[in-house]
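> Sharing data06.tsv here; it has TSV, C-alpha atoms.
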chain	number	residue	atom	x	y	z
A	25	MET	CA	0.00	0.00	0.00
A	26	THR	CA	1.21	3.48	-0.79
A	27	VAL	CA	2.18	5.48	2.23
A	28	ARG	CA	0.39	8.78	2.92
A	29	VAL	CA	2.55	11.83	3.50
A	30	GLY	CA	1.03	15.21	4.39
A	31	VAL	CA	2.12	18.63	3.17
A	32	VAL	CA	0.97	21.51	5.37
A	33	VAL	CA	-0.53	24.48	3.55
A	34	PHE	CA	-0.25	27.78	5.41
A	35	PRO	CA	-1.58	31.03	3.99
A	36	GLY	CA	1.50	32.15	2.07
A	37	SER	CA	2.96	28.71	1.41
A	38	ASN	CA	4.08	28.65	-2.22
A	39	CYS	CA	5.98	25.38	-2.62
A	40	ASP	CA	3.14	23.14	-1.45
A	41	ARG	CA	2.17	21.97	-4.96
A	42	ASP	CA	5.77	21.29	-5.94
A	43	THR	CA	6.29	19.37	-2.71
A	44	LEU	CA	3.14	17.28	-3.21
A	45	ARG	CA	4.37	16.47	-6.73
A	46	GLY	CA	7.89	15.68	-5.51
A	47	LEU	CA	6.53	13.31	-2.87
A	48	GLU	CA	4.41	11.57	-5.51
A	49	LEU	CA	7.52	11.14	-7.68
A	50	ALA	CA	9.14	9.65	-4.59
A	51	GLY	CA	6.36	7.08	-4.35
A	52	ALA	CA	4.01	8.53	-1.75
A	53	GLU	CA	0.34	9.36	-1.74
A	54	ALA	CA	0.74	13.05	-0.96
A	55	VAL	CA	-2.11	14.92	0.70
A	56	ALA	CA	-2.48	18.59	1.61
A	57	LEU	CA	-3.12	19.50	5.24
A	58	TRP	CA	-4.78	22.90	5.80
A	59	HIS	CA	-3.28	25.09	8.52
A	60	GLU	CA	-6.57	25.35	10.41
A	61	GLN	CA	-7.06	21.62	10.83
A	62	ALA	CA	-6.15	20.16	14.19
A	63	SER	CA	-5.67	16.60	12.91
A	64	LEU	CA	-3.08	15.19	10.54
A	65	ASP	CA	-5.52	12.80	8.83
A	66	GLY	CA	-3.45	9.76	9.77
A	67	VAL	CA	-0.44	10.55	7.59
A	68	ALA	CA	2.82	8.69	8.22
A	69	ALA	CA	5.02	11.78	7.78
A	70	VAL	CA	4.59	15.54	7.48
A	71	VAL	CA	6.42	18.04	5.30
A	72	LEU	CA	6.32	21.79	5.97
A	73	PRO	CA	6.90	23.38	2.56
A	74	GLY	CA	8.58	26.61	1.50
A	75	GLY	CA	6.92	29.96	1.06
A	76	PHE	CA	6.08	32.91	3.25
A	77	ALA	CA	3.68	31.53	5.87
A	78	TYR	CA	1.49	34.32	7.23
A	79	GLY	CA	3.51	36.79	5.17
A	80	ASP	CA	6.62	36.14	7.28
A	81	TYR	CA	5.33	38.97	9.50
A	82	LEU	CA	7.15	39.58	12.78
A	83	ARG	CA	9.76	36.86	12.05
A	84	ALA	CA	9.73	34.19	9.37
A	85	GLY	CA	7.83	31.18	10.70
A	86	VAL	CA	6.72	32.52	14.05
A	87	ILE	CA	3.02	33.07	13.40
A	88	ALA	CA	2.67	29.70	11.68
A	89	ARG	CA	3.98	28.12	14.84
A	90	PHE	CA	0.74	28.93	16.66
A	91	SER	CA	-1.63	27.52	14.02
A	92	PRO	CA	-3.83	24.54	14.96
A	93	VAL	CA	-2.02	22.23	12.54
A	94	MET	CA	1.33	22.99	14.18
A	95	ARG	CA	0.03	21.86	17.56
A	96	ALA	CA	-0.81	18.56	15.89
A	97	VAL	CA	2.62	18.47	14.20
A	98	ALA	CA	4.36	19.13	17.54
A	99	ALA	CA	2.45	16.27	19.18
A	100	PHE	CA	3.18	14.00	16.19
A	101	ALA	CA	6.90	14.86	16.39
A	102	ALA	CA	6.99	14.30	20.16
A	103	ASP	CA	5.54	10.84	19.50
A	104	GLY	CA	8.39	10.05	17.09
A	105	GLY	CA	6.59	11.01	13.86
A	106	LEU	CA	8.73	12.03	10.87
A	107	VAL	CA	8.68	15.74	10.05
A	108	LEU	CA	10.69	17.55	7.36
A	109	GLY	CA	10.76	21.34	7.03
A	110	ILE	CA	12.00	22.85	3.77
A	111	CYS	CA	13.10	26.51	3.64
A	112	ASN	CA	10.21	28.44	5.25
A	113	GLY	CA	9.18	25.09	6.76
A	114	PHE	CA	12.63	24.92	8.40
A	115	GLN	CA	12.06	28.43	9.77
A	116	VAL	CA	8.70	27.32	11.20
A	117	LEU	CA	10.31	24.27	12.87
A	118	ALA	CA	13.07	26.44	14.37
A	119	GLU	CA	10.58	29.00	15.69
A	120	ALA	CA	8.54	26.16	17.17
A	121	GLY	CA	11.62	24.79	18.90
A	122	LEU	CA	11.24	21.46	17.08
A	123	VAL	CA	14.77	21.77	15.69
A	124	PRO	CA	17.63	23.69	17.33
A	125	GLY	CA	18.83	27.13	16.24
A	126	ALA	CA	17.39	30.08	14.35
A	127	LEU	CA	17.47	31.39	10.79
A	128	LEU	CA	18.67	34.99	10.53
A	129	ARG	CA	18.69	37.46	7.66
A	130	ASN	CA	21.25	36.38	5.06
A	131	ARG	CA	24.66	37.81	5.87
A	132	GLY	CA	24.65	39.68	2.55
A	133	LEU	CA	21.10	41.01	3.22
A	134	ARG	CA	19.83	39.95	-0.19
A	135	PHE	CA	17.20	37.40	-1.07
A	136	LEU	CA	19.03	34.61	-2.89
A	137	GLY	CA	17.57	32.41	-5.62
A	138	ARG	CA	20.17	30.12	-7.18
A	139	ASP	CA	21.64	26.64	-7.07
A	140	VAL	CA	23.95	25.63	-4.24
A	141	ARG	CA	25.74	22.43	-3.33
A	142	ILE	CA	25.23	20.63	-0.06
A	143	ALA	CA	26.54	17.35	1.29
A	144	ALA	CA	24.84	15.06	3.77
A	145	GLU	CA	26.84	14.63	6.95
A	146	ARG	CA	24.91	11.52	7.86
A	147	LEU	CA	23.56	8.80	5.61
A	148	ASP	CA	21.77	6.81	8.29
A	149	THR	CA	18.76	9.05	8.90
A	150	PRO	CA	15.14	8.87	7.67
A	151	PHE	CA	15.95	11.88	5.46
A	152	THR	CA	19.22	10.74	3.89
A	153	ALA	CA	19.29	6.93	3.85
A	154	LEU	CA	18.99	6.86	0.03
A	155	VAL	CA	21.19	9.86	-0.68
A	156	GLY	CA	24.09	7.60	-1.55
A	157	ASP	CA	27.72	8.28	-0.97
A	158	GLY	CA	27.67	11.80	0.44
A	159	ARG	CA	28.75	13.39	-2.86
A	160	PRO	CA	27.62	17.03	-3.28
A	161	LEU	CA	23.95	17.50	-4.18
A	162	ARG	CA	22.98	20.40	-6.41
A	163	LEU	CA	19.78	22.00	-5.10
A	164	PRO	CA	18.17	25.43	-5.51
A	165	ILE	CA	17.79	27.91	-2.67
A	166	ALA	CA	15.29	30.78	-2.55
A	167	HIS	CA	15.39	32.65	0.74
A	168	GLY	CA	16.10	35.91	2.50
A	169	GLU	CA	16.56	34.46	5.98
A	170	GLY	CA	18.71	31.36	5.77
A	171	PHE	CA	21.71	32.23	7.92
A	172	TYR	CA	21.81	29.35	10.38
A	173	PHE	CA	22.59	30.55	13.87
A	174	ALA	CA	23.03	28.86	17.24
A	175	ASP	CA	25.38	29.77	20.07
A	176	GLU	CA	28.83	28.14	20.14
A	177	ALA	CA	27.91	25.66	22.87
A	178	THR	CA	24.85	24.50	20.94
A	179	LEU	CA	26.87	24.21	17.71
A	180	ASP	CA	29.42	22.04	19.52
A	181	GLU	CA	26.62	19.85	20.85
A	182	LEU	CA	25.09	19.50	17.39
A	183	GLU	CA	28.44	18.40	15.96
A	184	ARG	CA	29.04	15.98	18.82
A	185	ASP	CA	25.57	14.44	18.66
A	186	GLY	CA	25.46	14.10	14.88
A	187	GLN	CA	22.65	16.63	14.46
A	188	VAL	CA	24.28	18.49	11.58
A	189	LEU	CA	22.46	16.92	8.63
A	190	PHE	CA	23.65	18.98	5.64
A	191	ARG	CA	26.45	21.45	5.04
A	192	TYR	CA	27.12	23.83	2.16
A	193	VAL	CA	30.09	22.60	0.12
A	194	ASP	CA	31.87	23.68	-3.05
A	195	ALA	CA	31.65	21.71	-6.30
A	196	GLY	CA	34.50	19.50	-5.14
A	197	GLY	CA	32.75	18.67	-1.89
A	198	THR	CA	34.92	20.79	0.39
A	199	ARG	CA	33.06	22.33	3.32
A	200	ALA	CA	32.34	26.03	2.82
A	201	ARG	CA	33.65	28.69	5.19
A	202	ALA	CA	31.20	30.80	7.24
A	203	GLU	CA	32.22	34.13	5.74
A	204	GLY	CA	33.37	35.30	2.34
A	205	ASP	CA	32.79	31.99	0.60
A	206	PRO	CA	30.34	31.93	-2.31
A	207	ALA	CA	29.72	28.24	-1.61
A	208	ASN	CA	28.02	29.30	1.64
A	209	PRO	CA	25.29	31.52	0.23
A	210	ASN	CA	23.88	33.03	3.42
A	211	GLY	CA	26.84	32.93	5.80
A	212	SER	CA	25.47	30.09	7.95
A	213	LEU	CA	27.63	29.26	10.95
A	214	ARG	CA	29.77	26.20	10.31
A	215	ALA	CA	28.19	26.11	6.83
A	216	ILE	CA	25.11	24.37	8.23
A	217	ALA	CA	22.35	23.93	5.65
A	218	GLY	CA	20.20	21.45	7.56
A	219	VAL	CA	19.85	20.02	11.06
A	220	LEU	CA	18.16	17.20	12.93
A	221	ASN	CA	16.42	17.31	16.30
A	222	ALA	CA	18.00	15.34	19.14
A	223	HIS	CA	15.87	12.26	18.49
A	224	GLY	CA	16.53	12.24	14.75
A	225	ASN	CA	12.89	12.26	13.59
A	226	VAL	CA	12.57	15.97	12.74
A	227	ALA	CA	14.77	17.70	10.17
A	228	GLY	CA	14.95	21.09	8.49
A	229	LEU	CA	16.97	22.33	5.53
A	230	MET	CA	17.09	25.57	3.56
A	231	PRO	CA	17.61	24.23	-0.02
A	232	HIS	CA	14.60	22.87	-1.92
A	233	PRO	CA	14.75	19.13	-2.74
A	234	GLU	CA	11.31	19.32	-4.38
A	235	ARG	CA	12.61	21.84	-6.92
A	236	ALA	CA	15.24	19.30	-7.93
A	237	SER	CA	13.07	16.20	-8.08
A	238	ASP	CA	13.07	15.61	-11.83
A	239	ALA	CA	15.88	15.85	-14.38
A	240	LEU	CA	13.61	18.18	-16.37
A	241	LEU	CA	14.10	20.74	-13.60
A	242	GLY	CA	17.85	20.71	-14.17
A	243	SER	CA	18.67	18.40	-11.27
A	244	ASP	CA	17.05	15.45	-9.58
A	245	ASP	CA	19.50	15.48	-6.69
A	246	GLY	CA	16.64	16.29	-4.31
A	247	LEU	CA	14.64	13.19	-5.12
A	248	PRO	CA	16.72	10.82	-2.93
A	249	ILE	CA	15.96	13.03	0.08
A	250	LEU	CA	12.21	12.77	-0.58
A	251	ARG	CA	12.52	9.05	-1.34
A	252	SER	CA	14.38	8.51	1.93
A	253	LEU	CA	11.54	10.18	3.80
A	254	VAL	CA	8.85	8.24	1.96
A	255	GLU	CA	10.59	4.92	2.54
A	256	ALA	CA	11.13	5.66	6.25
A	257	ALA	CA	7.50	6.76	6.56
A	258	SER	CA	6.41	3.56	4.87
A	259	ARG	CA	8.37	1.50	7.39
A	260	ALA	CA	6.99	3.56	10.30
A	261	ALA	CA	3.43	3.14	9.01
A	262	HIS	CA	3.74	-0.63	8.76
A	263	ALA	CA	5.89	-1.36	11.80
A	264	PRO	CA	4.21	-3.39	14.51
A	265	VAL	CA	3.92	-1.43	17.75
A	266	SER	CA	6.80	-3.35	19.36
A	267	GLU	CA	9.22	-2.15	16.67
A	268	VAL	CA	8.26	1.43	17.29
A	269	ALA	CA	9.12	1.14	20.98
A	270	ASP	CA	12.39	2.98	20.49
A	271	ARG	CA	10.50	6.17	19.83
A	272	ALA	CA	11.19	9.05	22.18
A	273	PRO	CA	9.48	8.79	25.56
A	274	VAL	CA	8.54	12.46	25.33
A	275	ALA	CA	5.35	13.95	26.71
A	276	VAL	CA	2.89	14.79	23.97
A	277	GLY	CA	1.96	18.43	23.72
A	278	SER	CA	3.63	21.75	23.19
B	184	MET	CA	-11.07	46.40	34.37
B	185	SER	CA	-8.71	49.04	33.05
B	186	GLU	CA	-6.70	49.47	29.91
B	187	PHE	CA	-2.94	49.59	29.99
B	188	ARG	CA	-0.75	50.40	27.03
B	189	PHE	CA	2.74	49.04	26.58
B	190	ALA	CA	5.56	49.02	24.07
B	191	VAL	CA	7.83	46.02	23.65
B	192	ASN	CA	11.22	46.95	22.22
B	193	VAL	CA	12.92	43.98	20.59
B	194	THR	CA	16.61	44.13	19.61
B	195	PRO	CA	19.16	41.60	18.43
B	196	LYS	CA	21.03	40.18	21.43
B	197	PRO	CA	24.54	41.44	22.01
B	198	GLY	CA	26.96	39.41	19.93
B	199	ILE	CA	24.35	38.38	17.35
B	200	LEU	CA	25.31	39.53	13.87
B	201	ASP	CA	22.83	42.20	12.78
B	202	PRO	CA	23.26	42.61	9.01
B	203	GLN	CA	20.61	45.37	8.92
B	204	GLY	CA	22.40	47.36	11.59
B	205	ARG	CA	25.67	46.85	9.77
B	206	ALA	CA	24.15	48.08	6.49
B	207	VAL	CA	22.67	51.16	8.17
B	208	GLU	CA	25.99	51.90	9.84
B	209	GLY	CA	27.75	51.49	6.52
B	210	SER	CA	25.48	54.11	4.95
B	211	LEU	CA	26.26	56.82	7.50
B	212	GLY	CA	29.39	57.87	5.65
B	213	HIS	CA	27.22	58.82	2.67
B	214	LEU	CA	25.39	61.27	4.93
B	215	GLY	CA	28.63	62.87	5.94
B	216	VAL	CA	28.20	61.66	9.52
B	217	GLU	CA	31.20	60.30	11.37
B	218	GLY	CA	31.74	58.83	14.81
B	219	VAL	CA	28.54	56.75	14.99
B	220	THR	CA	28.99	53.07	15.83
B	221	GLY	CA	27.09	50.17	17.30
B	222	VAL	CA	23.93	50.55	15.18
B	223	ARG	CA	21.44	47.78	15.95
B	224	VAL	CA	18.07	47.50	14.23
B	225	GLY	CA	15.12	45.98	16.09
B	226	ARG	CA	11.38	46.34	16.18
B	227	ARG	CA	8.80	47.86	18.48
B	228	VAL	CA	5.36	46.42	19.20
B	229	GLU	CA	2.77	48.61	20.91
B	230	LEU	CA	-0.36	47.13	22.43
B	231	THR	CA	-3.22	47.80	24.83
B	232	VAL	CA	-4.13	45.18	27.43
B	233	GLU	CA	-7.34	45.06	29.43
B	234	ALA	CA	-6.72	43.80	32.96
B	235	ALA	CA	-7.61	44.41	36.61
B	236	THR	CA	-4.16	45.66	37.56
B	237	GLU	CA	-1.05	46.89	35.86
B	238	SER	CA	0.99	43.93	37.07
B	239	GLU	CA	-1.56	41.52	35.61
B	240	ALA	CA	-1.42	43.39	32.29
B	241	ARG	CA	2.38	43.38	32.40
B	242	ALA	CA	2.41	39.61	32.97
B	243	THR	CA	0.36	39.16	29.78
B	244	VAL	CA	2.74	41.37	27.81
B	245	ASP	CA	5.74	39.52	29.25
B	246	ARG	CA	4.31	36.19	28.09
B	247	LEU	CA	3.58	37.53	24.61
B	248	ALA	CA	7.07	39.02	24.38
B	249	HIS	CA	8.67	35.71	25.33
B	250	GLU	CA	6.53	33.52	23.10
B	251	LEU	CA	5.78	35.69	20.09
B	252	PHE	CA	7.40	39.12	19.77
B	253	ALA	CA	10.97	38.00	20.47
B	254	ASN	CA	12.90	34.81	19.79
B	255	PRO	CA	14.91	34.35	23.00
B	256	LEU	CA	17.71	32.58	21.09
B	257	ILE	CA	18.58	35.69	19.14
B	258	GLU	CA	16.66	38.66	20.52
B	259	ALA	CA	16.33	40.58	23.77
B	260	PHE	CA	13.35	42.74	24.71
B	261	GLU	CA	12.33	45.46	27.13
B	262	ILE	CA	8.78	46.26	28.15
B	263	GLU	CA	7.88	49.91	28.52
B	264	ARG	CA	4.63	51.37	29.88
B	265	ILE	CA	3.32	54.13	27.62
B	266	GLU	CA	0.36	56.50	27.64
B	267	LEU	CA	-2.94	55.39	26.18
B	268	PRO	CA	-3.63	57.36	23.03
B	269	ALA	CA	-6.74	59.58	23.21
B	270	GLU	CA	-8.25	57.58	20.37
B	271	VAL	CA	-6.77	54.39	19.03
B	272	ALA	CA	-7.02	54.13	15.28
B	273	ARG	CA	-7.41	50.52	14.26
Here is the file; what I need is its structure written in the form of structure tokens.


Amino acid sequence: MTVRVGVVVFPGSNCDRDTLRGLELAGAEAVALWHEQASLDGVAAVVLPGGFAYGDYLRAGVIARFSPVMRAVAAFAADGGLVLGICNGFQVLAEAGLVPGALLRNRGLRFLGRDVRIAAERLDTPFTALVGDGRPLRLPIAHGEGFYFADEATLDELERDGQVLFRYVDAGGTRARAEGDPANPNGSLRAIAGVLNAHGNVAGLMPHPERASDALLGSDDGLPILRSLVEAASRAAHAPVSEVADRAPVAVGS
Amino acid sequence: MSEFRFAVNVTPKPGILDPQGRAVEGSLGHLGVEGVTGVRVGRRVELTVEAATESEARATVDRLAHELFANPLIEAFEIERIELPAEVAR
């Protein structure tokens, strides 16, 4: 049976259709979840797509955090459910405290829309299991606030605990520097392009895998990320309860 | 119940890179102004709260500032009591 994966639609989301299509290419039955609904309709994974949820007023992602659907997403994540935030979706997850850190205005102040290269730091997660050998992936970015920030102590913890999921790299795969390196488009600290939560079931990244999910789009390097998620969701959906026992013993709620 | 009006001033925490502040500071030379440093750009939220006492109203504002107006990872805030406007235009 095809696994159901939900894509949240906030007012101002603009990558929801692309993400639904990308997930279908990755083998899922993709369904839209409206921001005002308090239930996730029994999906096996949730994706928060790119865009400008609630106009990005106040701070990107913050108003979306308080929508009914995000309460459901927080409870789902606390129960071990798989959640992926892309671009604005990453900003929403960070504002909601579901992944560590914050996304600041790009160091160069400009909105950036172009291809970048990232490499997966880990290939054993629900988001990267099918990414392959860690070679650079070419994916588009389109954001004004993508500068990944966390304090030094948190960054050290993320490195130690394997929570750095993707880093910006140059074409040869060498890690980008934080400042003055065109391979790091927004100046992210330690060239971080994507992170995992402590339990490894929630991830956010700034580049758009769904915009690189078909060779017709110029790159299909994003498809393995979506396929990894769909396959992991499929396993989670069909696992007997006993096999899901390693899920986080975290209180449900927010 | 009474109405209390507040302003919440949100600024980037010390040590957090503030590209907007840096850009503003960089433009000062074009104005022929020298000797100005440490420009930080934040935001100000003004609001009226209905409550029995000022401290109750302030507690509401404090909660909103923590949860919504400022991101404690990157921003600091100060709450300021201000005068109610004669007529609030909405």

> Only residues of chain A matter here; which ones have an atom within 9 Å of chain B, counting all atoms listed in the file? Give them as a PyMOL selection string.

chain A and resi 82-83+86-87+119+125-126+128-133+173-175

> With a distance cut-off of 10 Å and only C-alpha atoms, select the neighbouring residues of Ser37 (chain A), excluding the residue or stretch itself and same-chain residues fewer than 3 positions from it, and output the selection as JSON, numbers by chain.

{"A": [32, 33, 34, 40, 41, 72, 73, 74, 75, 76, 77, 78, 79, 112, 113]}

> Taking 3 positions as the minimum chain separation for residues in the same chain, which residues sit within 7 Å of region 258-262 of chain A when counting all atoms listed in the file? Answer as a count of residues only.

4

> What is the distance between CA of Glu186 (chain B) and CA of Glu261 (chain B), in Å to one decimal?

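Interatomic distance here is 19.6 Å.
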
> Do a neighbour search on Ser252 (chain A) at 8 Å with all atoms listed in the file, toss out local chain neighbours closer than 5 positions, and write the hits as a list in words.

Pro150, Phe151, Thr152, Ala153, Leu154 and Val155 of chain A

> Do a neighbour search on Val244 (chain B) at 8 Å with all atoms listed in the file, toss out local chain neighbours closer than 3 positions, and write the hits as a VMD selection string.

chain B and resid 189 232 240 to 241 247 to 248 262

> Determine, counting only C-alpha atoms, every residue of protein, DNA or RNA that lies within 9 Å of (-12.6, 44.7, 32.1) in the file coordinates, then give the result as a PyMOL selection string.

chain B and resi 184-186+233-235

> Grab the residues selected above and save them as a PDB file, in the frame of the given file with C-alpha atoms.


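What ended up in result_28.pdb:
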ATOM      1  CA  MET B 184     -11.070  46.400  34.370  1.00  0.00           C
ATOM      2  CA  SER B 185      -8.710  49.040  33.050  1.00  0.00           C
ATOM      3  CA  GLU B 186      -6.700  49.470  29.910  1.00  0.00           C
ATOM      4  CA  GLU B 233      -7.340  45.060  29.430  1.00  0.00           C
ATOM      5  CA  ALA B 234      -6.720  43.800  32.960  1.00  0.00           C
ATOM      6  CA  ALA B 235      -7.610  44.410  36.610  1.00  0.00           C
TER       7      ALA B 235
END

> Could you give me, as a PyMOL selection string, the residues within 8 Å of Leu189 (chain A), counting only C-alpha atoms and dropping anything in the same chain fewer than 5 positions from it?

chain A and resi 144-146+216-220+227

> Which one is closest to Leu47 (chain A): A:Thr26, A:Asn210, A:Ser91, A:Gln115? Count all atoms listed in the file.

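Closest to Leu47 (chain A), using all atoms listed in the file: A:Thr26.
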
> CA of Glu229 (chain B) and CA of Ala190 (chain B) are how many Å apart?

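Those two atoms sit 4.2 Å apart.
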
> For the atom pair CA of Pro248 (chain A) and CA of Gly46 (chain A), what is the interatomic distance in Å to one decimal place?

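Separation between CA of Pro248 (chain A) and CA of Gly46 (chain A): 10.4 Å.
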
> Box time for region 195-211 of chain B: axis-aligned, enclosing all its listed atoms, 8 Å extra on each side; report centre and edge lengths in Å to one decimal, as JSON.


{"center_x": 23.5, "center_y": 47.6, "center_z": 13.5, "size_x": 24.6, "size_y": 34.4, "size_z": 33.1}

> Hey, which of A:Leu241, A:Leu57, A:Leu127, A:Val107 ends up closest to Leu44 (chain A)? Count only C-alpha atoms.

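Counting only C-alpha atoms, the residue closest to Leu44 (chain A) is A:Leu57.
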